[in-house]
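Heads up, structure39.pdb below (PDB, C-alpha atoms):
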ATOM      1  CA  MET A   1      12.657   4.326  -4.195  1.00  0.00           C
ATOM      2  CA  PRO A   2      11.685   0.671  -3.865  1.00  0.00           C
ATOM      3  CA  ASP A   3       8.091  -0.467  -4.323  1.00  0.00           C
ATOM      4  CA  ILE A   4       6.139  -3.545  -3.292  1.00  0.00           C
ATOM      5  CA  ILE A   5       4.215  -5.098  -6.187  1.00  0.00           C
ATOM      6  CA  HIS A   6       1.908  -8.118  -6.216  1.00  0.00           C
ATOM      7  CA  GLU A   7      -0.259  -9.099  -9.185  1.00  0.00           C
ATOM      8  CA  PHE A   8      -2.697 -12.001  -9.102  1.00  0.00           C
ATOM      9  CA  PRO A   9      -6.077 -13.186 -10.389  1.00  0.00           C
ATOM     10  CA  ILE A  10      -8.969 -13.815  -8.047  1.00  0.00           C
ATOM     11  CA  ALA A  11     -12.079 -15.868  -8.784  1.00  0.00           C
ATOM     12  CA  THR A  12     -14.487 -13.139  -7.733  1.00  0.00           C
ATOM     13  CA  GLY A  13     -16.325 -10.402  -9.587  1.00  0.00           C
ATOM     14  CA  ILE A  14     -14.825  -6.934  -9.631  1.00  0.00           C
ATOM     15  CA  SER A  15     -17.491  -5.236  -7.457  1.00  0.00           C
ATOM     16  CA  ARG A  16     -16.856  -7.668  -4.580  1.00  0.00           C
ATOM     17  CA  VAL A  17     -13.105  -7.130  -4.864  1.00  0.00           C
ATOM     18  CA  PHE A  18     -13.545  -3.353  -4.903  1.00  0.00           C
ATOM     19  CA  ALA A  19     -15.669  -3.524  -1.743  1.00  0.00           C
ATOM     20  CA  ALA A  20     -13.038  -5.714  -0.063  1.00  0.00           C
ATOM     21  CA  VAL A  21     -10.220  -3.223  -0.706  1.00  0.00           C
ATOM     22  CA  SER A  22     -12.098   0.066  -0.281  1.00  0.00           C
ATOM     23  CA  THR A  23     -14.678  -0.275   2.510  1.00  0.00           C
ATOM     24  CA  PRO A  24     -14.124  -0.642   6.253  1.00  0.00           C
ATOM     25  CA  ALA A  25     -16.221  -3.819   6.323  1.00  0.00           C
ATOM     26  CA  GLY A  26     -14.086  -5.273   3.550  1.00  0.00           C
ATOM     27  CA  LEU A  27     -10.722  -4.199   4.988  1.00  0.00           C
ATOM     28  CA  ASP A  28     -11.614  -5.541   8.429  1.00  0.00           C
ATOM     29  CA  GLN A  29     -12.106  -9.019   6.969  1.00  0.00           C
ATOM     30  CA  TRP A  30      -8.504  -9.386   5.843  1.00  0.00           C
ATOM     31  CA  TRP A  31      -6.225  -6.465   6.841  1.00  0.00           C
ATOM     32  CA  THR A  32      -7.240  -4.183   9.705  1.00  0.00           C
ATOM     33  CA  LEU A  33      -8.501  -4.927  13.188  1.00  0.00           C
ATOM     34  CA  ARG A  34     -10.944  -2.043  12.756  1.00  0.00           C
ATOM     35  CA  SER A  35     -11.183   0.662  10.156  1.00  0.00           C
ATOM     36  CA  ASP A  36     -13.358   3.625   9.374  1.00  0.00           C
ATOM     37  CA  GLY A  37     -13.721   5.745   6.269  1.00  0.00           C
ATOM     38  CA  VAL A  38     -15.660   6.355   3.090  1.00  0.00           C
ATOM     39  CA  PRO A  39     -14.221   5.460  -0.324  1.00  0.00           C
ATOM     40  CA  THR A  40     -14.382   8.980  -1.739  1.00  0.00           C
ATOM     41  CA  PHE A  41     -11.509  11.174  -2.877  1.00  0.00           C
ATOM     42  CA  ASN A  42      -9.555  12.859  -0.058  1.00  0.00           C
ATOM     43  CA  SER A  43     -11.613  11.290   2.734  1.00  0.00           C
ATOM     44  CA  LEU A  44      -9.725  10.190   5.841  1.00  0.00           C
ATOM     45  CA  TYR A  45      -9.484   6.526   6.801  1.00  0.00           C
ATOM     46  CA  SER A  46      -8.671   5.332  10.305  1.00  0.00           C
ATOM     47  CA  LEU A  47      -6.740   2.066  10.188  1.00  0.00           C
ATOM     48  CA  ASP A  48      -6.533   0.377  13.588  1.00  0.00           C
ATOM     49  CA  PHE A  49      -4.041  -2.471  13.979  1.00  0.00           C
ATOM     50  CA  GLY A  50      -4.144  -2.514  17.788  1.00  0.00           C
ATOM     51  CA  PRO A  51      -2.601  -0.419  20.581  1.00  0.00           C
ATOM     52  CA  GLY A  52       0.170   1.823  19.292  1.00  0.00           C
ATOM     53  CA  TYR A  53      -0.776   1.176  15.675  1.00  0.00           C
ATOM     54  CA  GLU A  54      -3.698   3.518  15.020  1.00  0.00           C
ATOM     55  CA  TRP A  55      -2.860   4.857  11.566  1.00  0.00           C
ATOM     56  CA  ARG A  56      -4.519   7.353   9.231  1.00  0.00           C
ATOM     57  CA  ALA A  57      -4.640   7.591   5.450  1.00  0.00           C
ATOM     58  CA  HIS A  58      -6.263   9.826   2.862  1.00  0.00           C
ATOM     59  CA  VAL A  59      -7.968   8.429  -0.201  1.00  0.00           C
ATOM     60  CA  SER A  60      -5.625   9.741  -2.887  1.00  0.00           C
ATOM     61  CA  GLU A  61      -7.366   8.091  -5.833  1.00  0.00           C
ATOM     62  CA  VAL A  62     -10.641   6.257  -6.297  1.00  0.00           C
ATOM     63  CA  GLU A  63     -12.557   5.063  -9.324  1.00  0.00           C
ATOM     64  CA  LYS A  64     -15.319   2.611  -8.482  1.00  0.00           C
ATOM     65  CA  ASN A  65     -14.511  -0.944  -9.538  1.00  0.00           C
ATOM     66  CA  ARG A  66     -11.154   0.172 -11.004  1.00  0.00           C
ATOM     67  CA  THR A  67      -8.773   1.897  -8.572  1.00  0.00           C
ATOM     68  CA  PHE A  68      -8.471   2.550  -4.857  1.00  0.00           C
ATOM     69  CA  GLU A  69      -5.436   4.201  -3.306  1.00  0.00           C
ATOM     70  CA  LEU A  70      -4.619   5.339   0.225  1.00  0.00           C
ATOM     71  CA  GLU A  71      -1.761   7.676   1.137  1.00  0.00           C
ATOM     72  CA  LEU A  72      -0.541   7.090   4.688  1.00  0.00           C
ATOM     73  CA  VAL A  73      -0.380  10.270   6.771  1.00  0.00           C
ATOM     74  CA  GLU A  74      -0.014   8.795  10.280  1.00  0.00           C
ATOM     75  CA  ALA A  75       1.873   5.510  10.577  1.00  0.00           C
ATOM     76  CA  MET A  76       5.316   4.104  11.213  1.00  0.00           C
ATOM     77  CA  PRO A  77       7.882   6.651   9.945  1.00  0.00           C
ATOM     78  CA  ASP A  78       8.821   4.789   6.747  1.00  0.00           C
ATOM     79  CA  TRP A  79       5.160   4.273   5.821  1.00  0.00           C
ATOM     80  CA  ILE A  80       4.256   7.984   6.004  1.00  0.00           C
ATOM     81  CA  GLY A  81       3.792   9.313   2.487  1.00  0.00           C
ATOM     82  CA  THR A  82       3.668   5.845   0.946  1.00  0.00           C
ATOM     83  CA  ARG A  83       0.653   4.834  -1.104  1.00  0.00           C
ATOM     84  CA  VAL A  84      -1.234   1.546  -0.946  1.00  0.00           C
ATOM     85  CA  ARG A  85      -2.925   1.020  -4.319  1.00  0.00           C
ATOM     86  CA  PHE A  86      -5.267  -1.526  -5.861  1.00  0.00           C
ATOM     87  CA  GLU A  87      -5.857  -1.550  -9.616  1.00  0.00           C
ATOM     88  CA  LEU A  88      -8.619  -3.917 -10.686  1.00  0.00           C
ATOM     89  CA  THR A  89      -9.322  -5.327 -14.143  1.00  0.00           C
ATOM     90  CA  ALA A  90     -12.288  -7.563 -14.904  1.00  0.00           C
ATOM     91  CA  ILE A  91     -11.161 -10.752 -16.617  1.00  0.00           C
ATOM     92  CA  ASP A  92     -14.808 -11.780 -16.985  1.00  0.00           C
ATOM     93  CA  ASP A  93     -17.939 -11.570 -14.793  1.00  0.00           C
ATOM     94  CA  THR A  94     -16.502 -13.884 -12.133  1.00  0.00           C
ATOM     95  CA  HIS A  95     -12.737 -13.217 -12.243  1.00  0.00           C
ATOM     96  CA  THR A  96     -10.668 -10.116 -11.501  1.00  0.00           C
ATOM     97  CA  LEU A  97      -7.007  -9.293 -11.947  1.00  0.00           C
ATOM     98  CA  ILE A  98      -5.535  -7.341  -9.016  1.00  0.00           C
ATOM     99  CA  LEU A  99      -2.417  -5.234  -9.339  1.00  0.00           C
ATOM    100  CA  PHE A 100      -1.433  -4.267  -5.789  1.00  0.00           C
ATOM    101  CA  THR A 101       1.344  -1.771  -5.156  1.00  0.00           C
ATOM    102  CA  HIS A 102       2.739  -0.158  -2.022  1.00  0.00           C
ATOM    103  CA  ILE A 103       4.809   2.652  -3.465  1.00  0.00           C
ATOM    104  CA  GLY A 104       7.011   5.458  -2.222  1.00  0.00           C
ATOM    105  CA  TRP A 105       9.172   3.633   0.314  1.00  0.00           C
ATOM    106  CA  PRO A 106      12.128   5.825   1.339  1.00  0.00           C
ATOM    107  CA  ALA A 107      14.621   2.936   1.122  1.00  0.00           C
ATOM    108  CA  GLN A 108      14.905  -0.793   0.782  1.00  0.00           C
ATOM    109  CA  SER A 109      15.193  -1.904   4.399  1.00  0.00           C
ATOM    110  CA  GLU A 110      14.390  -4.789   6.697  1.00  0.00           C
ATOM    111  CA  HIS A 111      10.958  -3.242   7.321  1.00  0.00           C
ATOM    112  CA  PHE A 112      10.399  -2.986   3.556  1.00  0.00           C
ATOM    113  CA  ALA A 113      11.191  -6.720   3.180  1.00  0.00           C
ATOM    114  CA  VAL A 114       8.970  -7.695   6.124  1.00  0.00           C
ATOM    115  CA  SER A 115       6.138  -5.537   4.772  1.00  0.00           C
ATOM    116  CA  SER A 116       6.398  -7.139   1.340  1.00  0.00           C
ATOM    117  CA  PHE A 117       6.060 -10.573   2.923  1.00  0.00           C
ATOM    118  CA  CYS A 118       3.181  -9.426   5.143  1.00  0.00           C
ATOM    119  CA  TRP A 119       1.332  -7.937   2.178  1.00  0.00           C
ATOM    120  CA  ALA A 120       1.551 -11.282   0.389  1.00  0.00           C
ATOM    121  CA  MET A 121       0.070 -12.964   3.461  1.00  0.00           C
ATOM    122  CA  TYR A 122      -2.734 -10.413   3.815  1.00  0.00           C
ATOM    123  CA  LEU A 123      -3.578 -10.520   0.117  1.00  0.00           C
ATOM    124  CA  ARG A 124      -3.761 -14.314   0.281  1.00  0.00           C
ATOM    125  CA  ILE A 125      -6.247 -14.005   3.156  1.00  0.00           C
ATOM    126  CA  MET A 126      -8.327 -11.558   1.125  1.00  0.00           C
ATOM    127  CA  ARG A 127      -8.328 -13.958  -1.802  1.00  0.00           C
ATOM    128  CA  ARG A 128      -9.319 -16.953   0.350  1.00  0.00           C
ATOM    129  CA  THR A 129     -12.029 -14.893   2.082  1.00  0.00           C
ATOM    130  CA  LEU A 130     -13.591 -13.812  -1.200  1.00  0.00           C
ATOM    131  CA  GLU A 131     -13.198 -17.114  -3.031  1.00  0.00           C
ATOM    132  CA  TYR A 132     -14.046 -19.556  -0.229  1.00  0.00           C
ATOM    133  CA  GLY A 133     -15.629 -17.516   2.562  1.00  0.00           C
ATOM    134  CA  GLU A 134     -12.791 -18.312   4.958  1.00  0.00           C
ATOM    135  CA  GLU A 135     -12.564 -16.141   8.063  1.00  0.00           C
ATOM    136  CA  VAL A 136      -9.239 -15.662   9.807  1.00  0.00           C
ATOM    137  CA  PRO A 137      -9.260 -13.966  13.226  1.00  0.00           C
ATOM    138  CA  TYR A 138      -7.161 -10.807  13.298  1.00  0.00           C
ATOM    139  CA  SER A 139      -4.685 -12.280  15.805  1.00  0.00           C
ATOM    140  CA  ALA A 140      -3.931 -15.209  13.470  1.00  0.00           C
ATOM    141  CA  ARG A 141      -3.689 -13.419  10.120  1.00  0.00           C
ATOM    142  CA  LEU A 142       0.086 -13.515   9.834  1.00  0.00           C
ATOM    143  CA  GLU A 143       0.296 -17.075  11.137  1.00  0.00           C
ATOM    144  CA  VAL A 144      -1.604 -18.706   8.268  1.00  0.00           C
TER     145      VAL A 144
END
Target encoding structure tokens, full file:
Amino acid sequence: MPDIIHEFPIATGISRVFAAVSTPAGLDQWWTLRSDGVPTFNSLYSLDFGPGYEWRAHVSEVEKNRTFELELVEAMPDWIGTRVRFELTAIDDTHTLILFTHIGWPAQSEHFAVSSFCWAMYLRIMRRTLEYGEEVPYSARLEV
């Protein structure tokens, strides 16, 4: 099975990065239109990307300031059962290394390639939001 992998440093402390990838307020700044959930094991997250794209995911792994993983249970067919994972490592008090993976894709496909590109765009927005306080409206997030 193919996987999407992005690794990059970010000039932000690990607790801010963890909040950005694991809380609805954080996710809504860079990925989702609206989300709901609690970063605890097996809790259900609602991930709203607009009409027709109201997805659900279970927290499949969480360790504060280290790991956050969601397993998609309601989504586009090739996303169901995949896992979106963030592994965080403190470089120092003000820098964090992020290893992002989206694993479990059924096949390498056009949607896989598009999703890999989109993840890079979204992760760049997260980085710019945390490092510089930039805000990108949801409707423009894949245009930047």
(request) Can you give me, as an MDAnalysis selection string, the residues this file yields under the PyMOL selection byres ((chain A and resi 19) around 12)? (result) chainID A and resid 12:18 20:30 38:39 62:68 86 88 126 130
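Considering all atoms listed in the file, the residue among A:Thr32, A:Ser115, A:Ser43, A:Thr96 positioned nearest to Glu131 of chain A is A:Thr96.
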Ground truth for the PyMOL selection byres ((chain A and resi 80) around 12), written as a CSV table (one decimal) with C-alpha atoms, in the coordinates of the input:
chain,number,residue,atom,x,y,z
A,55,TRP,CA,-2.9,4.9,11.6
A,56,ARG,CA,-4.5,7.4,9.2
A,57,ALA,CA,-4.6,7.6,5.4
A,58,HIS,CA,-6.3,9.8,2.9
A,70,LEU,CA,-4.6,5.3,0.2
A,71,GLU,CA,-1.8,7.7,1.1
A,72,LEU,CA,-0.5,7.1,4.7
A,73,VAL,CA,-0.4,10.3,6.8
A,74,GLU,CA,0.0,8.8,10.3
A,75,ALA,CA,1.9,5.5,10.6
A,76,MET,CA,5.3,4.1,11.2
A,77,PRO,CA,7.9,6.7,9.9
A,78,ASP,CA,8.8,4.8,6.7
A,79,TRP,CA,5.2,4.3,5.8
A,81,GLY,CA,3.8,9.3,2.5
A,82,THR,CA,3.7,5.8,0.9
A,83,ARG,CA,0.7,4.8,-1.1
A,84,VAL,CA,-1.2,1.5,-0.9
A,102,HIS,CA,2.7,-0.2,-2.0
A,103,ILE,CA,4.8,2.7,-3.5
A,104,GLY,CA,7.0,5.5,-2.2
A,105,TRP,CA,9.2,3.6,0.3
A,106,PRO,CA,12.1,5.8,1.3
(request) For atom CA of Glu143 of chain A and atom CA of Phe49 of chain A, quote the distance in Å rounded to one decimal. (result) 15.5 Å
(message) So, with all atoms listed in the file as the atoms that count, which of A:Gln108, A:Leu97, A:Ala140, A:Glu134 lies closest to Ala11 of chain A?
(response)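 The closest residue to Ala11 of chain A is A:Leu97.
Taking atom CA of Arg85 of chain A and atom CA of Ile5 of chain A as the two end points, the separation is 9.6 Å.
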(message) What's the separation between atom CA of Asn42 of chain A and atom CA of Glu61 of chain A, in Å to one decimal place?
(response)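 Computed distance, atom CA of Asn42 of chain A to atom CA of Glu61 of chain A, equals 7.8 Å.
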(message) Residues proximal to (-0.1, -10.2, -7.6) were defined as those with any atom within 8 Å of that point in the file's coordinates, counting all atoms listed in the file. Which are they, as an MDAnalysis selection string?
(response) chainID A and resid 5:9 98:100
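Distance annotation: of A:Phe112, A:Arg128, A:Leu142, A:Ile10, the residue with the minimal separation from Asp93 of chain A is A:Ile10; atom set is all atoms listed in the file.
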(message) Between A:Pro2, A:Leu33, A:Tyr122, A:Thr129, which residue has the minimum interatomic distance to Ala107 of chain A, considering only C-alpha atoms?
(response) A:Pro2
(request) Point out the residue among A:His95, A:Arg127, A:Thr40, A:Ser46 with the least atom-to-atom distance to Val59 of chain A, counting only C-alpha atoms. (result)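 Ranking A:His95, A:Arg127, A:Thr40, A:Ser46 by distance to Val59 of chain A, first place goes to A:Thr40.
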(request) Measuring atom to atom with all atoms listed in the file, identify which of A:Tyr138, A:Thr101, A:Glu69, A:Pro51 is nearest to Ala120 of chain A. (result) A:Thr101
